[in-house]
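Please read the structure below before turning to the comments.
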Amino acid sequence: MNSRYEFSQIEKKWRAEWEKNPINKEDDKKPKYYCLDMFPYPSGTGLHVGHWRGYVLSDVISRYKVLQGYQVLHPMGWDAFGLPAENFAIKNNIHPSIATASNIANVKRQLHDISAIYDWDREVNTTDPNYYKWTQWIFVQMFKKGLAYEKEMPLNWCPSCKCVLANEEATNGVCERCGATVTKKNLRQWMLKITAYAERLLEDLNKLDWPEKVKKMQSDWIGKSYGAEVEFAVKDTDEKITVYTTRPDTLYGATFMVLSPEHELVKKITTDEQKEEMEKYCFLASTKSSVDRVTDKEKTGVFTGRYGINPLNGALTPIWVSDYVLADYGTGAIMCVPAHDQRDFEFAKKFDLPIIQVIKEEGKEGGELTEAYTGDGIMINSGDWNGMKASEAKAKAPLYLEEKGIGKKTVNYKLRDWVFSRQRYWGEPIPIVHCPHCGAVPVPEDQLPVVLPNVESYKPTDTGESPLADIDEWVNTKCPCCGADAKRETNTMPQWAGSSWYFLRYVDPHNNEALASKEALDKWAPVDMYVGGIEHAVLHLLYARFYTKVLYDIGAVLFDEPFLKLFNQGMITKDGNKMSKSKGNVVSPDVLVEKYGCDSLRMYELFVGPPELDSEWDDSGIDGVFRYLNKVWKFVAGYKDKTVAATKEMEFAKNKMIYEITTRLEALTMNTVVSGFMEYTNKMIDVAKNADGIDKESLEALVRLLAPFTPHIAEEMWRELGHDITVFEAGWPEYDESKLVVSTVELPVQINGKVKDSIEIDKDEAKDVVLAKAKELLGGKLEGKTIVKEIYVPGRIINFVVK
RNA sequence: GCGGAUAUGGCGGAACUGGCAGACGCGCUGGACUUAGAAUCCAGUCCGAGAGGGUGCAGGUUCGAUUCCUGUUAUCCGCACCA
């Protein structure tokens, strides 16, 4: 064995060998493990060291599972529809599929450098008609179940992408993709009824081993609230206004009502005197972007001229219209209790409306309120409820109102239906035909896929129509139902469509009869470990859960949650920023692989910091890992002590290492796994130097543990140590618990909690003997002091409290 | 505004259920080898001469606090007029 660590030769050699003889073989006698990465968009820029982080992590887990005797599914594929390829096409007039294919080739080459155990026979590509046939098939099933429907409504419109956006893509009023300010546009669009699954999407979060942060983001996004709907009659009309409130206990304090400008009753009830001003206000509100509506904190509004009648006490409440009430949440109308809601309070102050306090803070005398009081307290001015605790009234009010026939208990969700159609070219065509007689008709399943046709111009339009609308021969078709002349739907699906179910396709990627066979799904799914960035917390991850539940309901899959465990790796930053071409701070793995080798880069990706946190990239850090691998290599190259017996010291060190590496790996604290390796290696070299060398077992344990992390060098060293079969068949080392028990321990000895010395004692030594020895040890340091208390925690500490 | 996370040497970070703070690595300093450099190896490296002090800041509980409690500051993230 060469004493120089020639990583490029070694890595080339084993990569070729593993391509011929994969270390991960399918074997149904073994338990399964499905370890998945969030599949990449094949961008023209290629991968940087930040991408590597997640891929290395999932590969280490996968190889670890192989060593543990699992058959592992660890696939890779391409989320290849989307805007960058399309924009490239527009600029260069080259079909997006061409740019996509060359990008895939490039990224695939880079992925090979990682030496992950991907099964390339299972590669999927969302833009492949054989793949999107099933993306379209799922849409048709949703349509048949009434989960996909058309609706005209004001939608988030990104003027830069020239495309509508889902609510999830327009948080903070900004386009998730390009950062442009989102405006509203009234359009007919395809919607998916994700709200029908709100409760299950919320409830089933409990089943998942996911980061709490992601679960919380999803549950906040779903936004369940409990409350009541209450009906107010409108005086001098036949109309009734239903309001939604989470605080029915404050009903006696309602002094006015507010409708959203879009509420259907606004036109009907506004009096003639108020009409002109109202129309002006509503028009203005409709032109405001959603950002302005939030940032213009000053309350605005117009009086309708009408009064609602409080169903509890008959009080008259003036009805106003204001844009601080949202049209699409609750009923689009609210009762206002300025004493106990800050927004209502501000509105009341601005327009000089009455404020009636109905909850008194306990132990406090009333005075004029300077802000809304939202805490608990005692009910006042509230008829039957006077004297009750507000929290109790809140709980009892909905049923009370139900009994009186003036309201009902309800729940509400912030989640809205998913705006699903896009006015862009590079996506899956929505498989629908519009017939003048039959309406929207799904393309029959035996005619799928509806293949994306070629167009002259990929350019998006401002009209809200997709570029596909220009291809007459494609658009004009016959109705599958009645045969009449009909037109194809020209919108495409959002990029999320293909990624909402790709994890199912990997289990059976070439199936032409179904999206995947029951047998294959049963064998591999659901995903045991899903590794990816936090940015998909409410987008991809919510959509994929929704898809899975729909497929479960129609019997296509037998589980209703796709990802049992989720791990979000942190970002790699450079100069404190996310790596991006425009910032010019991209660190390419290609150069580092060339200079240090794949194994060093893999190990450094893990060593750079705790995997769940963002970490700053430091090129000089990889030197440390490279030196480490050289050190191990040299030790193995110079290892001749093949007959040395194991010492107690090494036995202990070895078992401790196996224990620690295993528990740390299970906890995914990979940075400490690497430091554990270094510590053990230092110890091993130290012992070998001071004794007659070390036993083979102690060295081989290290090599086996290293295998998932630095597979090539581990394999080479393993063979060098005299093995004919791969290290990945050697199994994961087990630790011997009995060897971890020690007979003597070194304990720190403290005076008043400050460490003064340390003492080696028998583990089971009696307390008074230990304390006597410790006192003797401290000797002079205790002189002239009175010992007030003596503390001995076996195995931990000795402490004397003195005066 | 609401909610969540984080704060430890020059740097990245470690420390199990409260028990020797700074493991491991980077960087740096000195030395060896070399004509010289690179590489490698050896020694040192929280501050302080020392007593002692030290985990964002101020308190508290405890024999003992990076760890628990109260308050506070800074940074980051999520949501944002959701009634």
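If you're wondering about the labels, chains in the structure tokens are A, B, ... by order shown, residues count from 1 in each chain, ligands from 1 in order shown.
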
Non-local contacts of B:U62 (10 Å; only C-alpha atoms (C1' of nucleotides); under 3 positions in same chain excluded) as an mmCIF file with all heavy atoms, in the first residue's frame:
data_model
loop_
_atom_site.group_PDB
_atom_site.id
_atom_site.type_symbol
_atom_site.label_atom_id
_atom_site.label_comp_id
_atom_site.auth_asym_id
_atom_site.auth_seq_id
_atom_site.Cartn_x
_atom_site.Cartn_y
_atom_site.Cartn_z
ATOM 1 P P G B 18 -31.007 18.125 34.265
ATOM 2 O OP1 G B 18 -30.979 17.267 35.466
ATOM 3 O OP2 G B 18 -31.819 19.347 34.274
ATOM 4 O "O5'" G B 18 -29.508 18.516 33.928
ATOM 5 C "C5'" G B 18 -29.184 19.807 33.532
ATOM 6 C "C4'" G B 18 -27.942 20.258 34.233
ATOM 7 O "O4'" G B 18 -28.343 21.107 35.353
ATOM 8 C "C3'" G B 18 -27.090 19.147 34.830
ATOM 9 O "O3'" G B 18 -25.737 19.522 34.708
ATOM 10 C "C2'" G B 18 -27.472 19.180 36.301
ATOM 11 O "O2'" G B 18 -26.460 18.720 37.173
ATOM 12 C "C1'" G B 18 -27.686 20.689 36.501
ATOM 13 N N9 G B 18 -28.494 21.032 37.650
ATOM 14 C C8 G B 18 -29.644 20.448 38.101
ATOM 15 N N7 G B 18 -30.103 20.995 39.200
ATOM 16 C C5 G B 18 -29.194 22.008 39.481
ATOM 17 C C6 G B 18 -29.154 22.933 40.542
ATOM 18 O O6 G B 18 -29.942 23.066 41.476
ATOM 19 N N1 G B 18 -28.061 23.782 40.449
ATOM 20 C C2 G B 18 -27.126 23.739 39.462
ATOM 21 N N2 G B 18 -26.142 24.635 39.545
ATOM 22 N N3 G B 18 -27.139 22.874 38.460
ATOM 23 C C4 G B 18 -28.187 22.043 38.543
ATOM 24 P P A B 65 -23.417 27.733 40.103
ATOM 25 O OP1 A B 65 -22.547 28.733 39.421
ATOM 26 O OP2 A B 65 -24.556 28.176 40.921
ATOM 27 O "O5'" A B 65 -23.983 26.698 39.024
ATOM 28 C "C5'" A B 65 -23.131 26.103 38.055
ATOM 29 C "C4'" A B 65 -23.735 26.271 36.667
ATOM 30 O "O4'" A B 65 -25.105 25.763 36.693
ATOM 31 C "C3'" A B 65 -23.834 27.714 36.201
ATOM 32 O "O3'" A B 65 -23.691 27.751 34.803
ATOM 33 C "C2'" A B 65 -25.243 28.114 36.577
ATOM 34 O "O2'" A B 65 -25.754 29.132 35.805
ATOM 35 C "C1'" A B 65 -25.991 26.797 36.321
ATOM 36 N N9 A B 65 -27.228 26.631 37.081
ATOM 37 C C8 A B 65 -27.671 27.363 38.158
ATOM 38 N N7 A B 65 -28.834 26.977 38.604
ATOM 39 C C5 A B 65 -29.175 25.914 37.777
ATOM 40 C C6 A B 65 -30.293 25.071 37.733
ATOM 41 N N6 A B 65 -31.319 25.161 38.584
ATOM 42 N N1 A B 65 -30.328 24.122 36.772
ATOM 43 C C2 A B 65 -29.302 24.022 35.933
ATOM 44 N N3 A B 65 -28.187 24.767 35.880
ATOM 45 C C4 A B 65 -28.198 25.698 36.831
ATOM 46 P P C B 68 -32.286 25.091 30.038
ATOM 47 O OP1 C B 68 -33.040 24.148 29.195
ATOM 48 O OP2 C B 68 -32.055 26.471 29.591
ATOM 49 O "O5'" C B 68 -32.961 25.166 31.486
ATOM 50 C "C5'" C B 68 -33.681 24.057 32.001
ATOM 51 C "C4'" C B 68 -34.324 24.446 33.314
ATOM 52 O "O4'" C B 68 -33.313 24.474 34.366
ATOM 53 C "C3'" C B 68 -34.923 25.849 33.359
ATOM 54 O "O3'" C B 68 -36.209 25.880 32.776
ATOM 55 C "C2'" C B 68 -34.946 26.127 34.849
ATOM 56 O "O2'" C B 68 -36.014 25.455 35.487
ATOM 57 C "C1'" C B 68 -33.623 25.496 35.292
ATOM 58 N N1 C B 68 -32.507 26.466 35.327
ATOM 59 C C2 C B 68 -32.476 27.429 36.349
ATOM 60 O O2 C B 68 -33.396 27.451 37.173
ATOM 61 N N3 C B 68 -31.463 28.313 36.401
ATOM 62 C C4 C B 68 -30.487 28.256 35.491
ATOM 63 N N4 C B 68 -29.503 29.155 35.581
ATOM 64 C C5 C B 68 -30.483 27.295 34.438
ATOM 65 C C6 C B 68 -31.507 26.425 34.396
#

Self-check item: Contact residues (chain A, partner chain B, 7 Å, only C-alpha atoms (C1' of nucleotides)) as a PyMOL selection string
Solution: chain A and resi 217+245-246+294+324+329+334+343+414+608-609+620-621+624+675+678-679+748+752-753+755+791+796-797+799+801

Only N, CA, C and O atoms, please: the residues just picked out, written as an mmCIF file, in the first residue's frame.
data_model
loop_
_atom_site.group_PDB
_atom_site.id
_atom_site.type_symbol
_atom_site.label_atom_id
_atom_site.label_comp_id
_atom_site.auth_asym_id
_atom_site.auth_seq_id
_atom_site.Cartn_x
_atom_site.Cartn_y
_atom_site.Cartn_z
ATOM 1 N N MET A 217 -45.450 25.887 11.126
ATOM 2 C CA MET A 217 -45.700 26.724 9.953
ATOM 3 C C MET A 217 -46.914 26.207 9.187
ATOM 4 O O MET A 217 -47.736 26.983 8.712
ATOM 5 N N THR A 245 -67.284 35.325 14.372
ATOM 6 C CA THR A 245 -66.484 35.876 15.461
ATOM 7 C C THR A 245 -65.890 34.763 16.301
ATOM 8 O O THR A 245 -66.506 33.709 16.487
ATOM 9 N N THR A 246 -64.648 34.981 16.771
ATOM 10 C CA THR A 246 -64.061 34.014 17.700
ATOM 11 C C THR A 246 -64.368 34.426 19.135
ATOM 12 O O THR A 246 -64.014 33.750 20.067
ATOM 13 N N VAL A 294 -52.310 46.101 3.587
ATOM 14 C CA VAL A 294 -51.731 45.766 4.881
ATOM 15 C C VAL A 294 -50.912 46.921 5.437
ATOM 16 O O VAL A 294 -50.977 47.239 6.617
ATOM 17 N N TYR A 324 -60.324 46.792 5.964
ATOM 18 C CA TYR A 324 -59.582 45.959 6.919
ATOM 19 C C TYR A 324 -60.292 44.632 7.153
ATOM 20 O O TYR A 324 -59.734 43.719 7.771
ATOM 21 N N TYR A 329 -62.367 35.585 4.086
ATOM 22 C CA TYR A 329 -62.196 34.872 5.343
ATOM 23 C C TYR A 329 -63.485 34.973 6.138
ATOM 24 O O TYR A 329 -64.106 36.044 6.174
ATOM 25 N N ILE A 334 -68.042 41.410 9.845
ATOM 26 C CA ILE A 334 -67.742 41.225 11.273
ATOM 27 C C ILE A 334 -68.614 42.115 12.136
ATOM 28 O O ILE A 334 -69.139 43.139 11.691
ATOM 29 N N ARG A 343 -58.201 46.465 16.469
ATOM 30 C CA ARG A 343 -58.519 47.028 15.159
ATOM 31 C C ARG A 343 -59.852 47.762 15.211
ATOM 32 O O ARG A 343 -60.004 48.872 14.687
ATOM 33 N N LYS A 414 -57.782 29.510 7.746
ATOM 34 C CA LYS A 414 -57.187 30.534 6.887
ATOM 35 C C LYS A 414 -56.827 29.962 5.530
ATOM 36 O O LYS A 414 -56.668 30.695 4.564
ATOM 37 N N VAL A 608 -18.738 20.953 8.768
ATOM 38 C CA VAL A 608 -18.799 22.427 8.699
ATOM 39 C C VAL A 608 -19.694 23.030 9.783
ATOM 40 O O VAL A 608 -19.512 24.174 10.179
ATOM 41 N N GLY A 609 -20.624 22.266 10.303
ATOM 42 C CA GLY A 609 -21.472 22.784 11.378
ATOM 43 C C GLY A 609 -22.643 21.860 11.610
ATOM 44 O O GLY A 609 -22.820 20.889 10.874
ATOM 45 N N SER A 620 -10.641 26.953 4.027
ATOM 46 C CA SER A 620 -9.479 26.406 4.729
ATOM 47 C C SER A 620 -9.880 25.282 5.678
ATOM 48 O O SER A 620 -9.037 24.482 6.087
ATOM 49 N N GLY A 621 -11.167 25.214 6.011
ATOM 50 C CA GLY A 621 -11.621 24.152 6.900
ATOM 51 C C GLY A 621 -11.459 22.766 6.317
ATOM 52 O O GLY A 621 -11.201 21.801 7.036
ATOM 53 N N GLY A 624 -8.373 20.622 7.183
ATOM 54 C CA GLY A 624 -8.348 19.833 8.408
ATOM 55 C C GLY A 624 -8.835 18.420 8.166
ATOM 56 O O GLY A 624 -8.243 17.450 8.652
ATOM 57 N N SER A 675 -16.029 14.718 14.571
ATOM 58 C CA SER A 675 -15.066 14.999 15.642
ATOM 59 C C SER A 675 -14.829 13.744 16.477
ATOM 60 O O SER A 675 -13.735 13.538 16.992
ATOM 61 N N MET A 678 -12.148 11.788 14.798
ATOM 62 C CA MET A 678 -10.837 12.395 14.987
ATOM 63 C C MET A 678 -10.293 12.084 16.375
ATOM 64 O O MET A 678 -9.125 11.746 16.536
ATOM 65 N N GLU A 679 -11.179 12.171 17.340
ATOM 66 C CA GLU A 679 -10.774 11.923 18.706
ATOM 67 C C GLU A 679 -10.266 10.485 18.856
ATOM 68 O O GLU A 679 -9.213 10.237 19.444
ATOM 69 N N PRO A 748 -13.687 15.001 39.731
ATOM 70 C CA PRO A 748 -13.227 16.330 40.137
ATOM 71 C C PRO A 748 -13.563 16.565 41.612
ATOM 72 O O PRO A 748 -14.604 16.122 42.087
ATOM 73 N N ASN A 752 -16.410 24.629 47.530
ATOM 74 C CA ASN A 752 -17.425 25.646 47.211
ATOM 75 C C ASN A 752 -17.725 25.718 45.713
ATOM 76 O O ASN A 752 -17.879 26.793 45.143
ATOM 77 N N GLY A 753 -17.779 24.544 45.113
ATOM 78 C CA GLY A 753 -18.177 24.503 43.711
ATOM 79 C C GLY A 753 -17.080 24.837 42.723
ATOM 80 O O GLY A 753 -17.324 24.881 41.527
ATOM 81 N N VAL A 755 -13.456 23.730 41.124
ATOM 82 C CA VAL A 755 -12.610 22.563 41.009
ATOM 83 C C VAL A 755 -11.212 22.879 41.528
ATOM 84 O O VAL A 755 -10.594 23.861 41.123
ATOM 85 N N ILE A 791 -20.482 16.805 49.772
ATOM 86 C CA ILE A 791 -21.333 16.245 48.719
ATOM 87 C C ILE A 791 -20.534 15.257 47.891
ATOM 88 O O ILE A 791 -19.431 15.559 47.429
ATOM 89 N N ARG A 796 -19.787 11.372 39.549
ATOM 90 C CA ARG A 796 -19.910 12.742 39.056
ATOM 91 C C ARG A 796 -18.950 13.718 39.731
ATOM 92 O O ARG A 796 -18.119 14.327 39.079
ATOM 93 N N ILE A 797 -19.112 13.858 41.062
ATOM 94 C CA ILE A 797 -18.454 15.004 41.693
ATOM 95 C C ILE A 797 -18.242 14.807 43.197
ATOM 96 O O ILE A 797 -18.972 14.044 43.836
ATOM 97 N N ASN A 799 -17.719 17.547 46.383
ATOM 98 C CA ASN A 799 -17.724 18.981 46.662
ATOM 99 C C ASN A 799 -17.779 19.217 48.169
ATOM 100 O O ASN A 799 -18.594 18.633 48.864
ATOM 101 N N VAL A 801 -18.404 22.103 50.986
ATOM 102 C CA VAL A 801 -18.828 23.478 51.234
ATOM 103 C C VAL A 801 -18.170 23.916 52.522
ATOM 104 O O VAL A 801 -18.350 23.281 53.562
#

Exercise. Just the alpha helix (DSSP H) stuff from stretch 113-157 of chain A, please, per backbone DSSP, written as a PyMOL selection string.
Key: chain A and resi 129-144

Quiz item: Which neighbours of B:C47 fall inside 10 Å, counting only C-alpha atoms (C1' of nucleotides), when residues of the same chain fewer than 2 positions from it are skipped, and could you give them as a list of chain:residue names?
Solution: B:G9, B:G53, B:G54

Generate a file of the selected residues that holds N, CA and C atoms (P, O5', C5', C4', C3', O3' and C1' of nucleotides), formatted as a CSV table (one decimal), in the first residue's frame.
chain,number,residue,atom,x,y,z
B,9,G,P,-17.2,33.9,22.8
B,9,G,O5',-16.0,32.9,22.5
B,9,G,C5',-15.0,33.4,21.7
B,9,G,C4',-13.7,33.5,22.5
B,9,G,C3',-12.5,33.9,21.6
B,9,G,O3',-11.7,34.8,22.3
B,9,G,C1',-12.0,31.9,22.6
B,53,G,P,-13.4,34.0,41.2
B,53,G,O5',-13.4,34.6,39.8
B,53,G,C5',-13.7,36.0,39.7
B,53,G,C4',-13.6,36.5,38.3
B,53,G,C3',-14.5,35.8,37.3
B,53,G,O3',-15.8,36.3,37.3
B,53,G,C1',-12.4,35.9,36.4
B,54,G,P,-17.1,35.3,37.0
B,54,G,O5',-16.9,34.9,35.5
B,54,G,C5',-17.2,35.9,34.5
B,54,G,C4',-16.7,35.5,33.2
B,54,G,C3',-17.4,34.3,32.6
B,54,G,O3',-18.6,34.8,31.9
B,54,G,C1',-15.1,33.9,32.4

Exercise. State, in Å with one decimal place, the distance from atom CA of A:Ile138 to atom CA of A:Pro509.
Key: 15.7 Å

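The shell of residues at most 10 Å from A:Met571, with only C-alpha atoms (C1' of nucleotides) counted and near chain neighbours (fewer than 6 positions) removed, consists of Val49, Gly50, His51, Arg53, Gly54, Gly533, Ile534, Asn577, Lys578, Met579, Pro611, Glu612, Leu613, Asp614, Ser615, Glu616 and Trp617 of chain A.
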
Residues of the last selection are to be written out with N, CA, C and O atoms, as a short mmCIF file (atom, residue, chain, number, x, y, z; two decimals), in the first residue's frame.
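Dumped to result03.cif:
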data_model
loop_
_atom_site.label_atom_id
_atom_site.label_comp_id
_atom_site.auth_asym_id
_atom_site.auth_seq_id
_atom_site.Cartn_x
_atom_site.Cartn_y
_atom_site.Cartn_z
N VAL A 49 -21.63 23.94 -3.28
CA VAL A 49 -21.38 23.12 -2.10
C VAL A 49 -22.58 23.06 -1.16
O VAL A 49 -22.70 22.16 -0.34
N GLY A 50 -23.48 24.04 -1.28
CA GLY A 50 -24.70 24.02 -0.49
C GLY A 50 -25.62 22.87 -0.88
O GLY A 50 -26.24 22.25 -0.02
N HIS A 51 -25.70 22.59 -2.19
CA HIS A 51 -26.51 21.46 -2.63
C HIS A 51 -25.94 20.14 -2.10
O HIS A 51 -26.67 19.25 -1.73
N ARG A 53 -24.57 19.48 0.58
CA ARG A 53 -24.78 19.23 2.00
C ARG A 53 -25.90 18.22 2.24
O ARG A 53 -25.74 17.24 2.93
N GLY A 54 -27.07 18.51 1.64
CA GLY A 54 -28.21 17.62 1.82
C GLY A 54 -27.98 16.27 1.16
O GLY A 54 -28.34 15.23 1.72
N GLY A 533 -34.45 21.37 2.04
CA GLY A 533 -34.42 22.70 2.65
C GLY A 533 -35.75 23.10 3.26
O GLY A 533 -36.79 22.55 2.93
N ILE A 534 -35.67 24.08 4.14
CA ILE A 534 -36.85 24.57 4.87
C ILE A 534 -37.78 25.36 3.95
O ILE A 534 -38.95 25.55 4.27
N ASN A 577 -24.00 35.31 3.03
CA ASN A 577 -25.13 35.30 2.11
C ASN A 577 -25.36 33.92 1.49
O ASN A 577 -24.43 33.13 1.37
N LYS A 578 -26.60 33.71 1.12
CA LYS A 578 -26.95 32.54 0.35
C LYS A 578 -26.14 32.56 -0.95
O LYS A 578 -25.96 33.62 -1.54
N MET A 579 -25.66 31.40 -1.36
CA MET A 579 -24.86 31.38 -2.58
C MET A 579 -25.74 31.62 -3.80
O MET A 579 -26.78 31.00 -3.96
N PRO A 611 -25.92 20.15 11.14
CA PRO A 611 -26.58 20.07 9.83
C PRO A 611 -27.89 20.84 9.73
O PRO A 611 -28.27 21.24 8.64
N GLU A 612 -28.57 21.08 10.84
CA GLU A 612 -29.85 21.77 10.74
C GLU A 612 -29.69 23.29 10.74
O GLU A 612 -30.63 24.02 10.47
N LEU A 613 -28.46 23.77 11.02
CA LEU A 613 -28.25 25.22 11.06
C LEU A 613 -27.52 25.69 9.80
O LEU A 613 -26.78 24.94 9.17
N ASP A 614 -27.71 26.97 9.49
CA ASP A 614 -26.95 27.57 8.40
C ASP A 614 -25.47 27.58 8.81
O ASP A 614 -25.16 27.80 9.98
N SER A 615 -24.60 27.36 7.85
CA SER A 615 -23.18 27.37 8.16
C SER A 615 -22.42 28.17 7.11
O SER A 615 -22.72 28.11 5.94
N GLU A 616 -21.44 28.89 7.59
CA GLU A 616 -20.61 29.68 6.70
C GLU A 616 -19.52 28.80 6.10
O GLU A 616 -18.86 28.04 6.81
N TRP A 617 -19.36 28.87 4.79
CA TRP A 617 -18.35 28.06 4.13
C TRP A 617 -16.97 28.67 4.32
O TRP A 617 -16.79 29.88 4.18
#

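The closest residue to A:Ala80, picked from A:Ser322, A:Gln495, A:Ser517, A:Ser219 and counting only C-alpha atoms, is A:Gln495.
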
When you look at A:Glu212 with a cut-off of 12 Å (counting only C-alpha atoms (C1' of nucleotides)), what residues show up, excluding the ones that are within fewer than 3 positions of it in the same chain? I need them as an mmCIF file with C-alpha atoms (C1' of nucleotides), in the first residue's frame.
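The file below, result.cif, is the result:
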data_model
loop_
_atom_site.group_PDB
_atom_site.id
_atom_site.type_symbol
_atom_site.label_atom_id
_atom_site.label_comp_id
_atom_site.auth_asym_id
_atom_site.auth_seq_id
_atom_site.Cartn_x
_atom_site.Cartn_y
_atom_site.Cartn_z
ATOM 1 C CA LEU A 205 -49.344 16.558 11.505
ATOM 2 C CA ASN A 206 -49.442 14.742 14.838
ATOM 3 C CA LEU A 208 -45.251 12.960 11.659
ATOM 4 C CA ASP A 209 -41.680 12.953 12.897
ATOM 5 C CA LYS A 215 -45.347 21.550 11.662
ATOM 6 C CA LYS A 216 -46.080 24.897 13.250
ATOM 7 C CA MET A 217 -45.700 26.724 9.953
ATOM 8 C CA GLN A 218 -48.165 24.343 8.357
ATOM 9 C CA SER A 219 -50.662 24.506 11.184
ATOM 10 C CA ASP A 220 -50.430 28.313 11.223
ATOM 11 C CA ILE A 534 -36.846 24.566 4.866
ATOM 12 C CA ALA A 537 -42.278 24.109 4.566
ATOM 13 C CA LYS A 565 -39.569 11.759 8.925
ATOM 14 C CA LEU A 566 -38.343 15.073 7.618
ATOM 15 C CA PHE A 567 -34.981 16.688 8.058
ATOM 16 C CA ASN A 568 -34.266 20.257 6.990
ATOM 17 C "C1'" G B 4 -40.507 30.769 16.985
ATOM 18 C "C1'" A B 5 -35.159 30.096 17.112
#

Exercise. Would you mind writing down, as a PyMOL selection string, each residue of stretch 272-470 of chain A that DSSP on the backbone assigns to strand (DSSP E or B)?
Key: chain A and resi 302-309+316-321+333-336+359-360+378-379+389+407-412+418-419+422+429+432-435+439-442

Restrict the selected residues to C-alpha atoms and save them as a short mmCIF file (atom, residue, chain, number, x, y, z; two decimals), in the first residue's frame.
data_model
loop_
_atom_site.label_atom_id
_atom_site.label_comp_id
_atom_site.auth_asym_id
_atom_site.auth_seq_id
_atom_site.Cartn_x
_atom_site.Cartn_y
_atom_site.Cartn_z
CA VAL A 302 -67.64 54.47 4.72
CA PHE A 303 -71.00 54.25 6.51
CA THR A 304 -73.72 52.37 4.60
CA GLY A 305 -76.47 54.41 6.18
CA ARG A 306 -78.02 51.26 7.66
CA TYR A 307 -78.12 49.63 11.07
CA GLY A 308 -77.91 46.04 12.13
CA ILE A 309 -79.93 44.73 15.03
CA LEU A 316 -78.76 49.17 16.79
CA THR A 317 -75.29 48.87 15.29
CA PRO A 318 -74.30 51.11 12.39
CA ILE A 319 -73.05 49.10 9.39
CA TRP A 320 -69.81 50.33 7.83
CA VAL A 321 -67.64 49.14 4.97
CA ALA A 333 -68.49 40.59 7.62
CA ILE A 334 -67.74 41.23 11.27
CA MET A 335 -69.35 42.55 14.39
CA CYS A 336 -67.12 45.11 16.04
CA ILE A 359 -65.05 42.50 30.26
CA LYS A 360 -63.54 44.03 33.37
CA ILE A 378 -65.35 39.38 34.58
CA MET A 379 -68.32 39.96 32.28
CA LYS A 389 -65.53 34.75 33.81
CA GLY A 407 -76.17 31.83 15.84
CA LYS A 408 -74.22 28.64 15.51
CA LYS A 409 -70.94 27.21 16.57
CA THR A 410 -68.39 27.13 13.69
CA VAL A 411 -64.76 26.63 12.88
CA ASN A 412 -62.81 28.55 10.28
CA TRP A 418 -55.19 26.23 -4.40
CA VAL A 419 -55.02 28.34 -7.56
CA ARG A 422 -50.63 28.99 -14.88
CA PRO A 429 -51.21 20.98 -20.11
CA ILE A 432 -59.57 19.40 -20.04
CA VAL A 433 -61.66 20.14 -23.12
CA HIS A 434 -64.20 22.96 -23.09
CA CYS A 435 -67.35 22.01 -24.98
CA GLY A 439 -68.94 22.29 -20.40
CA ALA A 440 -65.54 21.28 -19.05
CA VAL A 441 -64.86 17.66 -19.96
CA PRO A 442 -61.79 15.71 -18.85
#

Quiz item: Could you name the residues that touch B:U8 at 8 Å or less, counting only C-alpha atoms (C1' of nucleotides), but leaving out those on the same chain fewer than 3 positions away, as number ranges by chain?
Solution: B: 22, 55, 66

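Atom CA of A:Pro75 is positioned 20.8 Å from atom CA of A:Glu729.
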
Exercise. Please indicate the distance in Å from atom CA of A:Met191 to atom CA of A:Tyr149, rounded to one decimal place.
Key: 5.3 Å

Quiz item: Could you name the residues that touch A:Arg719 at 12 Å or less, counting only C-alpha atoms (C1' of nucleotides), but leaving out those on the same chain fewer than 3 positions away, as a list in words?
Solution: Met1, Ile10, Trp14, Val636, Ala637, Glu700, Val703, Arg704, His712, Ile713, Ala714, Glu715, Glu716, Gly722, His723, Asp724, Ile725, Thr726, Val727, Phe728 and Ala730 of chain A

Quiz item: From the list A:Glu229, A:Asp618, A:Asp762, A:Asp508, which residue is nearest A:Pro398 when using only C-alpha atoms?
Solution: A:Glu229
